[in-house]
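Shown next, in structure tokens, is the structure this report addresses.
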Amino acid sequence: MKLFTIGPVEMYPSTKIIRDNGFVHFRTDEFSNLVKDTLMKLSDLLGNNKEHSLIYMAASGTAAMEAAVENCVTENDKVLVINGGAFGHRFCELLKYHNKKYDSIDLAWNEALRANHLNQYENKDYTMLFVNLHETHTGQLYDIKMLSEFCKRNNLLFVVDAISAFLADEYDMDKYGIDLTIISSQKGFVFHRVCHLCLLANV
Ligand SMILES: *Cc1c(COP(=O)(O)O)cnc(C)c1O
């Protein structure tokens with residue numbers, strides 16, 4: 001039996017060995033430099049050359065989604081959610097739980113998102129768009145260019161959960177005008193050698 005620890009993606013054995021060597025104590029310069037170094041690497045990989053900041057959370061991906069909902073959506077905002085599966089549905093639940101105004105574009109199982117789904121939401125009172133770029137539940141990868149253009153045209157803040165898309169699919173915050181990205185370590189990220197690289201910095 002295979003245990004997919006961490007997350008649903010198996011870790012490289014070579015990464016496990018690095019992890020087993022233990023971590024640097026967090027009150028040392030070595031640790032601070034390691035954090036700064038990995039933040040810079042991540043920033044580059046995100047295509048994030050603007051004045052964005054990156055925040056590490058010792059939490060689940062869902063907690064990062066909730067942090068985005070709680071901290072970024074004000075009472076003046078109205079969110080449009082692409083709800084194409086369990087993770088889109090989770091955004092809706094979080095928005096509802098925190099009493100935020102939202103509407104969702106509900107897609108059927110494995111239905112692709114097309115321009116005609118967005119048409120009726122043009123020039124309305126929305127201020128933000130929330131999407132799980134790759135809806136892990138169904139395997140749908142949404143058209144980032146189409147969503148980016150929709151957000152630009154309608155002046156929406158573009159919030160992307162890229163937990164399973166980051167490092168697996170093309171991703172560039174500057175190119176697509178993405179205002180907030182949510183990533184976590186257990187999906188596209190762990191599968192990629194960069195995870196290995198970040199840990200290597202720790203040896
Ligand atoms: C897995 C996943 C999450 C949730 O991450 P957890 O760490 O399990 O809470 C959120 N969004 C997407 C797109 C995911 O694939």
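Residues in the structure tokens are named by chain (A, B, ... in the order shown) and by number from 1 within that chain; ligands are numbered from 1 in the order shown.
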Give one line per residue of chain A that approaches ligand 1 to at most 10 Å, naming the two atoms of the closest pair and their distance in Å to one decimal, counting only C-alpha atoms and all ligand atoms; sort by chain then ascending residue number and deliver it as a Markdown table.
| residue | atom | partner | partner_atom_place_in_ligand_line | distance |
| --- | --- | --- | --- | --- |
| A:Ile6 | CA | ligand 1 | 7 (O) | 9.8 |
| A:Gly7 | CA | ligand 1 | 8 (O) | 7.4 |
| A:Pro8 | CA | ligand 1 | 1 (C) | 8.2 |
| A:Ala59 | CA | ligand 1 | 7 (O) | 7.5 |
| A:Ser60 | CA | ligand 1 | 7 (O) | 3.9 |
| A:Gly61 | CA | ligand 1 | 7 (O) | 3.6 |
| A:Thr62 | CA | ligand 1 | 9 (O) | 3.7 |
| A:Ala63 | CA | ligand 1 | 9 (O) | 6.5 |
| A:Ala64 | CA | ligand 1 | 9 (O) | 8.0 |
| A:Met65 | CA | ligand 1 | 10 (C) | 7.1 |
| A:Glu66 | CA | ligand 1 | 9 (O) | 9.8 |
| A:Gly85 | CA | ligand 1 | 13 (C) | 9.6 |
| A:Ala86 | CA | ligand 1 | 11 (N) | 8.6 |
| A:Phe87 | CA | ligand 1 | 11 (N) | 5.3 |
| A:Gly88 | CA | ligand 1 | 11 (N) | 8.0 |
| A:Arg90 | CA | ligand 1 | 10 (C) | 8.1 |
| A:Phe91 | CA | ligand 1 | 11 (N) | 8.9 |
| A:Val131 | CA | ligand 1 | 13 (C) | 8.7 |
| A:Asn132 | CA | ligand 1 | 13 (C) | 5.1 |
| A:Leu133 | CA | ligand 1 | 13 (C) | 7.0 |
| A:His134 | CA | ligand 1 | 13 (C) | 6.0 |
| A:Glu135 | CA | ligand 1 | 13 (C) | 5.4 |
| A:Thr136 | CA | ligand 1 | 15 (O) | 4.7 |
| A:His137 | CA | ligand 1 | 15 (O) | 7.2 |
| A:Gly139 | CA | ligand 1 | 15 (O) | 9.6 |
| A:Val160 | CA | ligand 1 | 13 (C) | 9.1 |
| A:Asp161 | CA | ligand 1 | 13 (C) | 5.8 |
| A:Ala162 | CA | ligand 1 | 13 (C) | 6.0 |
| A:Ile163 | CA | ligand 1 | 13 (C) | 4.7 |
| A:Ser164 | CA | ligand 1 | 15 (O) | 4.8 |
| A:Ala165 | CA | ligand 1 | 13 (C) | 7.5 |
| A:Phe166 | CA | ligand 1 | 13 (C) | 9.7 |
| A:Ile182 | CA | ligand 1 | 11 (N) | 8.2 |
| A:Ile183 | CA | ligand 1 | 11 (N) | 8.1 |
| A:Ser184 | CA | ligand 1 | 7 (O) | 6.7 |
| A:Ser185 | CA | ligand 1 | 7 (O) | 8.1 |
| A:Gln186 | CA | ligand 1 | 7 (O) | 7.1 |
| A:Lys187 | CA | ligand 1 | 15 (O) | 6.9 |
| A:Gly188 | CA | ligand 1 | 15 (O) | 8.8 |
Expected file: the selected residues, N, CA, C and O atoms, as a compact mmCIF listing (two decimals), in the first residue's frame:
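Okay, this is what ended up in out.txt:
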# COMPACT_ATOMS: atom_id res chain seq x y z
N ILE A 6 3.25 13.69 2.12
CA ILE A 6 2.14 14.53 2.54
C ILE A 6 1.14 14.73 1.39
O ILE A 6 1.54 14.63 0.25
N GLY A 7 -0.07 14.99 1.72
CA GLY A 7 -1.08 15.31 0.70
C GLY A 7 -1.36 14.12 -0.20
O GLY A 7 -0.96 13.01 0.09
N PRO A 8 -2.03 14.36 -1.31
CA PRO A 8 -2.34 13.25 -2.21
C PRO A 8 -1.18 12.96 -3.15
O PRO A 8 -1.28 12.10 -4.01
N ALA A 59 -0.59 26.06 8.23
CA ALA A 59 -2.02 25.76 8.21
C ALA A 59 -2.34 24.97 6.95
O ALA A 59 -1.49 24.78 6.08
N SER A 60 -3.56 24.53 6.85
CA SER A 60 -4.00 23.78 5.65
C SER A 60 -4.27 24.75 4.50
O SER A 60 -4.36 25.97 4.70
N GLY A 61 -4.45 24.20 3.31
CA GLY A 61 -4.84 25.01 2.16
C GLY A 61 -6.18 25.69 2.40
O GLY A 61 -6.39 26.85 2.03
N THR A 62 -7.08 24.96 3.05
CA THR A 62 -8.41 25.53 3.34
C THR A 62 -8.28 26.74 4.26
O THR A 62 -9.01 27.73 4.10
N ALA A 63 -7.34 26.68 5.20
CA ALA A 63 -7.14 27.83 6.10
C ALA A 63 -6.67 29.05 5.30
O ALA A 63 -7.08 30.18 5.59
N ALA A 64 -5.83 28.81 4.28
CA ALA A 64 -5.39 29.93 3.45
C ALA A 64 -6.56 30.49 2.64
O ALA A 64 -6.68 31.71 2.46
N MET A 65 -7.44 29.60 2.17
CA MET A 65 -8.65 30.07 1.47
C MET A 65 -9.48 30.94 2.42
O MET A 65 -9.97 32.01 2.06
N GLU A 66 -9.63 30.45 3.65
CA GLU A 66 -10.45 31.18 4.63
C GLU A 66 -9.80 32.52 4.99
O GLU A 66 -10.50 33.53 5.15
N GLY A 85 -16.86 22.45 -8.53
CA GLY A 85 -16.59 21.20 -7.81
C GLY A 85 -16.40 21.48 -6.33
O GLY A 85 -16.75 22.56 -5.84
N ALA A 86 -15.84 20.51 -5.63
CA ALA A 86 -15.75 20.59 -4.16
C ALA A 86 -15.00 21.83 -3.68
O ALA A 86 -15.37 22.43 -2.67
N PHE A 87 -13.96 22.24 -4.42
CA PHE A 87 -13.16 23.37 -3.92
C PHE A 87 -13.81 24.72 -4.24
O PHE A 87 -13.70 25.66 -3.45
N GLY A 88 -14.51 24.80 -5.36
CA GLY A 88 -15.29 26.00 -5.65
C GLY A 88 -16.41 26.13 -4.62
O GLY A 88 -16.68 27.21 -4.10
N ARG A 90 -16.30 25.03 -1.66
CA ARG A 90 -15.70 25.42 -0.38
C ARG A 90 -15.58 26.94 -0.28
O ARG A 90 -15.83 27.52 0.78
N PHE A 91 -15.19 27.59 -1.38
CA PHE A 91 -15.14 29.06 -1.37
C PHE A 91 -16.53 29.62 -1.03
O PHE A 91 -16.66 30.55 -0.24
N VAL A 131 -11.48 31.99 -7.87
CA VAL A 131 -11.47 30.76 -8.68
C VAL A 131 -10.41 29.80 -8.18
O VAL A 131 -9.35 30.22 -7.70
N ASN A 132 -10.69 28.51 -8.25
CA ASN A 132 -9.68 27.48 -8.05
C ASN A 132 -9.21 27.14 -9.47
O ASN A 132 -9.92 26.43 -10.19
N LEU A 133 -8.07 27.70 -9.84
CA LEU A 133 -7.68 27.64 -11.26
C LEU A 133 -7.79 26.23 -11.83
O LEU A 133 -8.31 26.02 -12.91
N HIS A 134 -7.27 25.28 -11.09
CA HIS A 134 -7.50 23.88 -11.44
C HIS A 134 -8.42 23.33 -10.36
O HIS A 134 -8.05 23.27 -9.19
N GLU A 135 -9.64 22.96 -10.77
CA GLU A 135 -10.60 22.40 -9.79
C GLU A 135 -10.20 20.93 -9.58
O GLU A 135 -10.53 20.05 -10.37
N THR A 136 -9.44 20.70 -8.54
CA THR A 136 -8.84 19.38 -8.30
C THR A 136 -9.88 18.27 -8.24
O THR A 136 -9.63 17.14 -8.64
N HIS A 137 -11.06 18.62 -7.77
CA HIS A 137 -12.12 17.63 -7.59
C HIS A 137 -12.56 17.00 -8.91
O HIS A 137 -12.83 15.81 -8.98
N GLY A 139 -10.85 17.89 -12.04
CA GLY A 139 -9.76 17.90 -13.02
C GLY A 139 -9.90 18.99 -14.06
O GLY A 139 -9.12 19.05 -15.00
N VAL A 160 -6.91 33.86 -6.91
CA VAL A 160 -6.76 32.52 -7.49
C VAL A 160 -6.22 31.53 -6.47
O VAL A 160 -5.14 31.72 -5.91
N ASP A 161 -6.98 30.48 -6.24
CA ASP A 161 -6.48 29.32 -5.51
C ASP A 161 -5.77 28.46 -6.55
O ASP A 161 -6.40 27.87 -7.43
N ALA A 162 -4.44 28.45 -6.44
CA ALA A 162 -3.64 27.70 -7.44
C ALA A 162 -2.98 26.48 -6.78
O ALA A 162 -1.90 26.06 -7.19
N ILE A 163 -3.65 25.94 -5.78
CA ILE A 163 -3.04 24.87 -4.98
C ILE A 163 -2.61 23.68 -5.83
O ILE A 163 -1.53 23.14 -5.65
N SER A 164 -3.44 23.29 -6.77
CA SER A 164 -3.02 22.14 -7.60
C SER A 164 -2.53 22.59 -8.99
O SER A 164 -2.08 21.75 -9.77
N ALA A 165 -2.62 23.88 -9.29
CA ALA A 165 -2.15 24.36 -10.60
C ALA A 165 -0.71 24.84 -10.56
O ALA A 165 0.06 24.65 -11.51
N PHE A 166 -0.33 25.42 -9.42
CA PHE A 166 1.00 26.03 -9.31
C PHE A 166 2.09 24.98 -9.52
O PHE A 166 2.11 23.94 -8.87
N ILE A 182 -3.32 31.77 -3.74
CA ILE A 182 -3.29 30.84 -2.60
C ILE A 182 -2.60 29.57 -3.09
O ILE A 182 -3.04 28.96 -4.06
N ILE A 183 -1.49 29.22 -2.43
CA ILE A 183 -0.85 27.94 -2.77
C ILE A 183 -0.59 27.18 -1.47
O ILE A 183 -0.57 27.76 -0.40
N SER A 184 -0.42 25.90 -1.59
CA SER A 184 -0.02 25.12 -0.41
C SER A 184 0.98 24.06 -0.86
O SER A 184 1.25 23.92 -2.05
N SER A 185 1.54 23.38 0.12
CA SER A 185 2.75 22.60 -0.18
C SER A 185 2.48 21.17 -0.62
O SER A 185 3.41 20.45 -0.94
N GLN A 186 1.22 20.74 -0.64
CA GLN A 186 1.02 19.30 -0.76
C GLN A 186 0.54 18.81 -2.13
O GLN A 186 0.24 17.64 -2.28
N LYS A 187 0.45 19.70 -3.14
CA LYS A 187 -0.05 19.19 -4.43
C LYS A 187 0.96 19.45 -5.55
O LYS A 187 1.99 18.81 -5.60
N GLY A 188 0.67 20.39 -6.47
CA GLY A 188 1.63 20.64 -7.54
C GLY A 188 3.02 20.92 -6.99
O GLY A 188 4.03 20.51 -7.56
**Message:** Quick one: residues within 9 Å of A:Leu95, only C-alpha atoms, excluding same-chain residues fewer than 4 positions away - as number ranges by chain?
**Reply:** A: 66, 69-70, 73, 79, 90-91, 99-102
When DSSP is applied to the backbone of this structure, which of stretch 40-128 of chain A are assigned helix (DSSP H, G or I)? Write them out as a tab-separated table (two decimals) with all heavy atoms, in the first residue's frame.
chain	number	residue	atom	x	y	z
A	40	MET	N	11.97	34.45	-1.84
A	40	MET	CA	12.41	35.03	-3.12
A	40	MET	C	12.24	34.04	-4.26
A	40	MET	O	11.79	34.39	-5.34
A	40	MET	CB	13.87	35.48	-3.02
A	40	MET	CG	13.97	36.93	-2.56
A	40	MET	SD	15.60	37.35	-1.97
A	40	MET	CE	16.61	36.88	-3.33
A	41	LYS	N	12.57	32.78	-3.98
A	41	LYS	CA	12.41	31.74	-5.01
A	41	LYS	C	10.94	31.59	-5.40
A	41	LYS	O	10.58	31.53	-6.57
A	41	LYS	CB	12.92	30.40	-4.49
A	41	LYS	CG	14.42	30.25	-4.51
A	41	LYS	CD	14.80	28.80	-4.23
A	41	LYS	CE	16.31	28.65	-4.21
A	41	LYS	NZ	16.81	28.12	-2.95
A	42	LEU	N	10.09	31.58	-4.38
A	42	LEU	CA	8.66	31.43	-4.63
A	42	LEU	C	8.12	32.62	-5.43
A	42	LEU	O	7.33	32.47	-6.35
A	42	LEU	CB	7.89	31.34	-3.32
A	42	LEU	CG	7.67	29.96	-2.74
A	42	LEU	CD1	6.93	30.07	-1.42
A	42	LEU	CD2	6.87	29.09	-3.71
A	43	SER	N	8.59	33.80	-5.04
A	43	SER	CA	8.15	35.01	-5.71
A	43	SER	C	8.48	34.95	-7.21
A	43	SER	O	7.64	35.28	-8.05
A	43	SER	CB	8.84	36.20	-5.05
A	43	SER	OG	8.29	37.38	-5.50
A	44	ASP	N	9.68	34.50	-7.52
A	44	ASP	CA	10.08	34.36	-8.92
A	44	ASP	C	9.18	33.37	-9.64
A	44	ASP	O	8.72	33.61	-10.75
A	44	ASP	CB	11.52	33.82	-9.02
A	44	ASP	CG	12.52	34.93	-8.83
A	44	ASP	OD1	12.10	36.10	-8.80
A	44	ASP	OD2	13.72	34.61	-8.69
A	45	LEU	N	8.93	32.24	-8.99
A	45	LEU	CA	8.13	31.19	-9.63
A	45	LEU	C	6.68	31.62	-9.84
A	45	LEU	O	6.01	31.17	-10.76
A	45	LEU	CB	8.16	29.92	-8.77
A	45	LEU	CG	9.50	29.19	-8.77
A	45	LEU	CD1	9.57	28.23	-7.60
A	45	LEU	CD2	9.70	28.44	-10.08
A	61	GLY	N	-4.45	24.20	3.31
A	61	GLY	CA	-4.84	25.01	2.16
A	61	GLY	C	-6.18	25.69	2.40
A	61	GLY	O	-6.39	26.85	2.03
A	62	THR	N	-7.08	24.96	3.05
A	62	THR	CA	-8.41	25.53	3.34
A	62	THR	C	-8.28	26.74	4.26
A	62	THR	O	-9.01	27.73	4.10
A	62	THR	CB	-9.30	24.45	4.00
A	62	THR	OG1	-9.33	23.31	3.14
A	62	THR	CG2	-10.70	24.95	4.25
A	63	ALA	N	-7.34	26.68	5.20
A	63	ALA	CA	-7.14	27.83	6.10
A	63	ALA	C	-6.67	29.05	5.30
A	63	ALA	O	-7.08	30.18	5.59
A	63	ALA	CB	-6.13	27.48	7.18
A	64	ALA	N	-5.83	28.81	4.28
A	64	ALA	CA	-5.39	29.93	3.45
A	64	ALA	C	-6.56	30.49	2.64
A	64	ALA	O	-6.68	31.71	2.46
A	64	ALA	CB	-4.26	29.48	2.53
A	65	MET	N	-7.44	29.60	2.17
A	65	MET	CA	-8.65	30.07	1.47
A	65	MET	C	-9.48	30.94	2.42
A	65	MET	O	-9.97	32.01	2.06
A	65	MET	CB	-9.51	28.88	1.01
A	65	MET	CG	-8.91	28.04	-0.10
A	65	MET	SD	-9.82	26.48	-0.33
A	65	MET	CE	-11.25	27.03	-1.25
A	66	GLU	N	-9.63	30.45	3.65
A	66	GLU	CA	-10.45	31.18	4.63
A	66	GLU	C	-9.80	32.52	4.99
A	66	GLU	O	-10.50	33.53	5.15
A	66	GLU	CB	-10.65	30.32	5.90
A	66	GLU	CG	-11.59	31.00	6.90
A	66	GLU	CD	-12.12	30.05	7.96
A	66	GLU	OE1	-11.50	29.00	8.20
A	66	GLU	OE2	-13.16	30.40	8.55
A	67	ALA	N	-8.47	32.54	5.08
A	67	ALA	CA	-7.77	33.79	5.38
A	67	ALA	C	-8.05	34.81	4.28
A	67	ALA	O	-8.25	36.01	4.55
A	67	ALA	CB	-6.27	33.54	5.51
A	68	ALA	N	-8.08	34.35	3.04
A	68	ALA	CA	-8.35	35.26	1.92
A	68	ALA	C	-9.77	35.82	2.03
A	68	ALA	O	-10.01	37.01	1.84
A	68	ALA	CB	-8.16	34.53	0.58
A	69	VAL	N	-10.71	34.93	2.36
A	69	VAL	CA	-12.11	35.36	2.48
A	69	VAL	C	-12.27	36.35	3.63
A	69	VAL	O	-12.87	37.42	3.48
A	69	VAL	CB	-13.03	34.12	2.69
A	69	VAL	CG1	-14.42	34.53	3.15
A	69	VAL	CG2	-13.09	33.28	1.42
A	70	GLU	N	-11.71	36.00	4.76
A	70	GLU	CA	-11.90	36.82	5.96
A	70	GLU	C	-11.21	38.17	5.86
A	70	GLU	O	-11.74	39.19	6.29
A	70	GLU	CB	-11.32	36.08	7.16
A	70	GLU	CG	-12.38	35.58	8.12
A	70	GLU	CD	-11.78	35.24	9.46
A	70	GLU	OE1	-10.98	34.31	9.51
A	70	GLU	OE2	-12.14	35.92	10.44
A	71	ASN	N	-9.99	38.16	5.32
A	71	ASN	CA	-9.16	39.38	5.36
A	71	ASN	C	-9.27	40.26	4.14
A	71	ASN	O	-8.95	41.45	4.21
A	71	ASN	CB	-7.69	39.00	5.57
A	71	ASN	CG	-7.48	38.35	6.91
A	71	ASN	OD1	-7.71	38.97	7.93
A	71	ASN	ND2	-7.07	37.10	6.90
A	72	CYS	N	-9.67	39.71	3.02
A	72	CYS	CA	-9.63	40.51	1.78
A	72	CYS	C	-11.00	40.96	1.31
A	72	CYS	O	-11.10	41.88	0.51
A	72	CYS	CB	-8.93	39.73	0.66
A	72	CYS	SG	-7.28	39.23	1.14
A	86	ALA	N	-15.84	20.51	-5.63
A	86	ALA	CA	-15.75	20.59	-4.16
A	86	ALA	C	-15.00	21.83	-3.68
A	86	ALA	O	-15.37	22.43	-2.67
A	86	ALA	CB	-15.07	19.34	-3.61
A	87	PHE	N	-13.96	22.24	-4.42
A	87	PHE	CA	-13.16	23.37	-3.92
A	87	PHE	C	-13.81	24.72	-4.24
A	87	PHE	O	-13.70	25.66	-3.45
A	87	PHE	CB	-11.71	23.26	-4.40
A	87	PHE	CG	-11.04	22.05	-3.79
A	87	PHE	CD1	-10.76	20.92	-4.55
A	87	PHE	CD2	-10.74	22.02	-2.45
A	87	PHE	CE1	-10.19	19.79	-3.97
A	87	PHE	CE2	-10.17	20.89	-1.84
A	87	PHE	CZ	-9.90	19.77	-2.62
A	88	GLY	N	-14.51	24.80	-5.36
A	88	GLY	CA	-15.29	26.00	-5.65
A	88	GLY	C	-16.41	26.13	-4.62
A	88	GLY	O	-16.68	27.21	-4.10
A	89	HIS	N	-17.01	24.98	-4.32
A	89	HIS	CA	-18.08	24.94	-3.32
A	89	HIS	C	-17.55	25.39	-1.95
A	89	HIS	O	-18.24	26.09	-1.20
A	89	HIS	CB	-18.64	23.51	-3.25
A	89	HIS	CG	-19.74	23.34	-2.27
A	89	HIS	ND1	-20.97	23.96	-2.42
A	89	HIS	CD2	-19.81	22.65	-1.11
A	89	HIS	CE1	-21.74	23.65	-1.39
A	89	HIS	NE2	-21.06	22.86	-0.57
A	90	ARG	N	-16.30	25.03	-1.66
A	90	ARG	CA	-15.70	25.42	-0.38
A	90	ARG	C	-15.58	26.94	-0.28
A	90	ARG	O	-15.83	27.52	0.78
A	90	ARG	CB	-14.34	24.74	-0.21
A	90	ARG	CG	-13.78	24.86	1.18
A	90	ARG	CD	-12.64	23.90	1.43
A	90	ARG	NE	-13.05	22.50	1.31
A	90	ARG	CZ	-12.22	21.45	1.45
A	90	ARG	NH1	-10.94	21.65	1.70
A	90	ARG	NH2	-12.66	20.23	1.32
A	91	PHE	N	-15.19	27.59	-1.38
A	91	PHE	CA	-15.14	29.06	-1.37
A	91	PHE	C	-16.53	29.62	-1.03
A	91	PHE	O	-16.66	30.55	-0.24
A	91	PHE	CB	-14.71	29.60	-2.74
A	91	PHE	CG	-13.24	29.90	-2.85
A	91	PHE	CD1	-12.55	29.65	-4.04
A	91	PHE	CD2	-12.54	30.49	-1.80
A	91	PHE	CE1	-11.19	29.94	-4.16
A	91	PHE	CE2	-11.18	30.79	-1.91
A	91	PHE	CZ	-10.51	30.51	-3.09
A	92	CYS	N	-17.56	29.04	-1.65
A	92	CYS	CA	-18.93	29.52	-1.40
A	92	CYS	C	-19.28	29.35	0.08
A	92	CYS	O	-19.83	30.26	0.71
A	92	CYS	CB	-19.94	28.75	-2.25
A	92	CYS	SG	-19.74	29.03	-4.01
A	93	GLU	N	-18.95	28.19	0.62
A	93	GLU	CA	-19.27	27.94	2.04
A	93	GLU	C	-18.54	28.91	2.97
A	93	GLU	O	-19.11	29.40	3.94
A	93	GLU	CB	-18.86	26.50	2.41
A	93	GLU	CG	-19.82	25.46	1.88
A	93	GLU	CD	-19.47	24.08	2.41
A	93	GLU	OE1	-18.28	23.71	2.36
A	93	GLU	OE2	-20.39	23.40	2.87
A	94	LEU	N	-17.28	29.19	2.64
A	94	LEU	CA	-16.51	30.11	3.47
A	94	LEU	C	-17.07	31.52	3.39
A	94	LEU	O	-17.17	32.23	4.40
A	94	LEU	CB	-15.03	30.10	3.05
A	94	LEU	CG	-14.24	28.82	3.39
A	94	LEU	CD1	-12.91	28.79	2.66
A	94	LEU	CD2	-14.03	28.72	4.90
A	95	LEU	N	-17.45	31.94	2.18
A	95	LEU	CA	-18.01	33.28	2.00
A	95	LEU	C	-19.33	33.39	2.76
A	95	LEU	O	-19.61	34.41	3.41
A	95	LEU	CB	-18.21	33.57	0.51
A	95	LEU	CG	-16.91	33.86	-0.25
A	95	LEU	CD1	-17.06	33.55	-1.74
A	95	LEU	CD2	-16.48	35.31	-0.06
A	96	LYS	N	-20.12	32.34	2.68
A	96	LYS	CA	-21.41	32.33	3.37
A	96	LYS	C	-21.19	32.38	4.88
A	96	LYS	O	-21.82	33.18	5.59
A	96	LYS	CB	-22.15	31.03	2.99
A	96	LYS	CG	-23.61	31.01	3.30
A	96	LYS	CD	-24.22	29.85	2.53
A	96	LYS	CE	-25.43	29.31	3.22
A	96	LYS	NZ	-25.79	28.01	2.65
A	97	TYR	N	-20.28	31.55	5.36
A	97	TYR	CA	-20.01	31.47	6.80
A	97	TYR	C	-19.58	32.83	7.35
A	97	TYR	O	-19.94	33.21	8.45
A	97	TYR	CB	-18.93	30.41	7.05
A	97	TYR	CG	-18.61	30.22	8.50
A	97	TYR	CD1	-19.44	29.45	9.33
A	97	TYR	CD2	-17.49	30.83	9.07
A	97	TYR	CE1	-19.17	29.29	10.67
A	97	TYR	CE2	-17.21	30.68	10.42
A	97	TYR	CZ	-18.05	29.91	11.22
A	97	TYR	OH	-17.77	29.77	12.55
A	115	ALA	N	-16.89	31.35	-22.27
A	115	ALA	CA	-17.16	32.79	-22.26
A	115	ALA	C	-18.65	33.07	-22.00
A	115	ALA	O	-18.99	34.03	-21.31
A	115	ALA	CB	-16.71	33.41	-23.57
A	116	ASN	N	-19.52	32.22	-22.53
A	116	ASN	CA	-20.95	32.51	-22.35
A	116	ASN	C	-21.42	32.38	-20.90
A	116	ASN	O	-22.43	32.95	-20.51
A	116	ASN	CB	-21.83	31.69	-23.30
A	116	ASN	CG	-21.70	30.21	-23.08
A	116	ASN	OD1	-20.78	29.77	-22.39
A	116	ASN	ND2	-22.61	29.42	-23.66
A	117	HIS	N	-20.66	31.63	-20.07
A	117	HIS	CA	-20.99	31.60	-18.64
A	117	HIS	C	-20.75	32.96	-18.00
A	117	HIS	O	-21.43	33.35	-17.06
A	117	HIS	CB	-20.10	30.59	-17.89
A	117	HIS	CG	-20.42	29.16	-18.18
A	117	HIS	ND1	-19.56	28.32	-18.84
A	117	HIS	CD2	-21.51	28.42	-17.88
A	117	HIS	CE1	-20.10	27.12	-18.93
A	117	HIS	NE2	-21.28	27.15	-18.37
A	118	LEU	N	-19.74	33.66	-18.52
A	118	LEU	CA	-19.33	34.93	-17.90
A	118	LEU	C	-20.16	36.11	-18.41
A	118	LEU	O	-20.28	37.12	-17.72
A	118	LEU	CB	-17.85	35.20	-18.18
A	118	LEU	CG	-16.84	34.19	-17.62
A	118	LEU	CD1	-15.43	34.52	-18.10
A	118	LEU	CD2	-16.88	34.18	-16.09
A	119	ASN	N	-20.72	35.97	-19.63
A	119	ASN	CA	-21.39	37.11	-20.29
A	119	ASN	C	-22.37	37.86	-19.40
A	119	ASN	O	-22.34	39.08	-19.31
A	119	ASN	CB	-22.13	36.64	-21.54
A	119	ASN	CG	-21.16	36.37	-22.67
A	119	ASN	OD1	-19.99	36.77	-22.57
A	119	ASN	ND2	-21.60	35.69	-23.72
**Asked** What is the atom CA of A:Thr138 to atom CA of A:Leu157 distance in Å?
**Response**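 Interatomic distance here is 25.0 Å.
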**Asked** Which is closest to A:Trp109 among A:Ile178, A:Asn49, A:Gln140, A:Glu122, if we use only C-alpha atoms?
**Response**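 Distance minimum relative to A:Trp109 lands on A:Gln140.
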**Request:** In Å, rounded to a single decimal, give me how far atom CA of A:Asp37 is from atom CA of A:Glu51.
**Result:**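 Atom CA of A:Glu51 sits 16.9 Å away from atom CA of A:Asp37.
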**Message:** Here is a test: counting only C-alpha atoms, which residue of A:Leu34, A:Arg114, A:Leu80, A:Gly47 is nearest to A:Asp172?
**Reply:**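 Using only C-alpha atoms, the shortest distance to A:Asp172 belongs to A:Gly47.
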**Request:** Work out how far atom CA of A:Ala58 is from atom CA of A:Asp103, in Å to one decimal.
**Result:**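 The value is 29.9 Å.
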**Asked** Could you write out, as an NGL selection string, all the residues of stretch 33-179 of chain A that DSSP marks as strand (DSSP E)?
**Response** :A and (78-83 or 101-106 or 128-132 or 134-135 or 140-141 or 157-161)
**Request:** Compare A:Tyr12, A:Phe31, A:Phe130, A:Tyr142 by their minimum atom-to-atom distance to A:Ala112, counting only C-alpha atoms, and give me the closest one.
**Result:**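 With only C-alpha atoms as the atom set, the closest residue is A:Tyr142.
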**Nearby residues (only C-alpha atoms) at most 7 Å from A:Met173, same-chain spacing under 2 positions excluded, as a list in words** =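 So the residues in contact are Leu46, Gly47, Asn48, Tyr171, Lys175, Tyr176, Gly177 and Ile178 of chain A.
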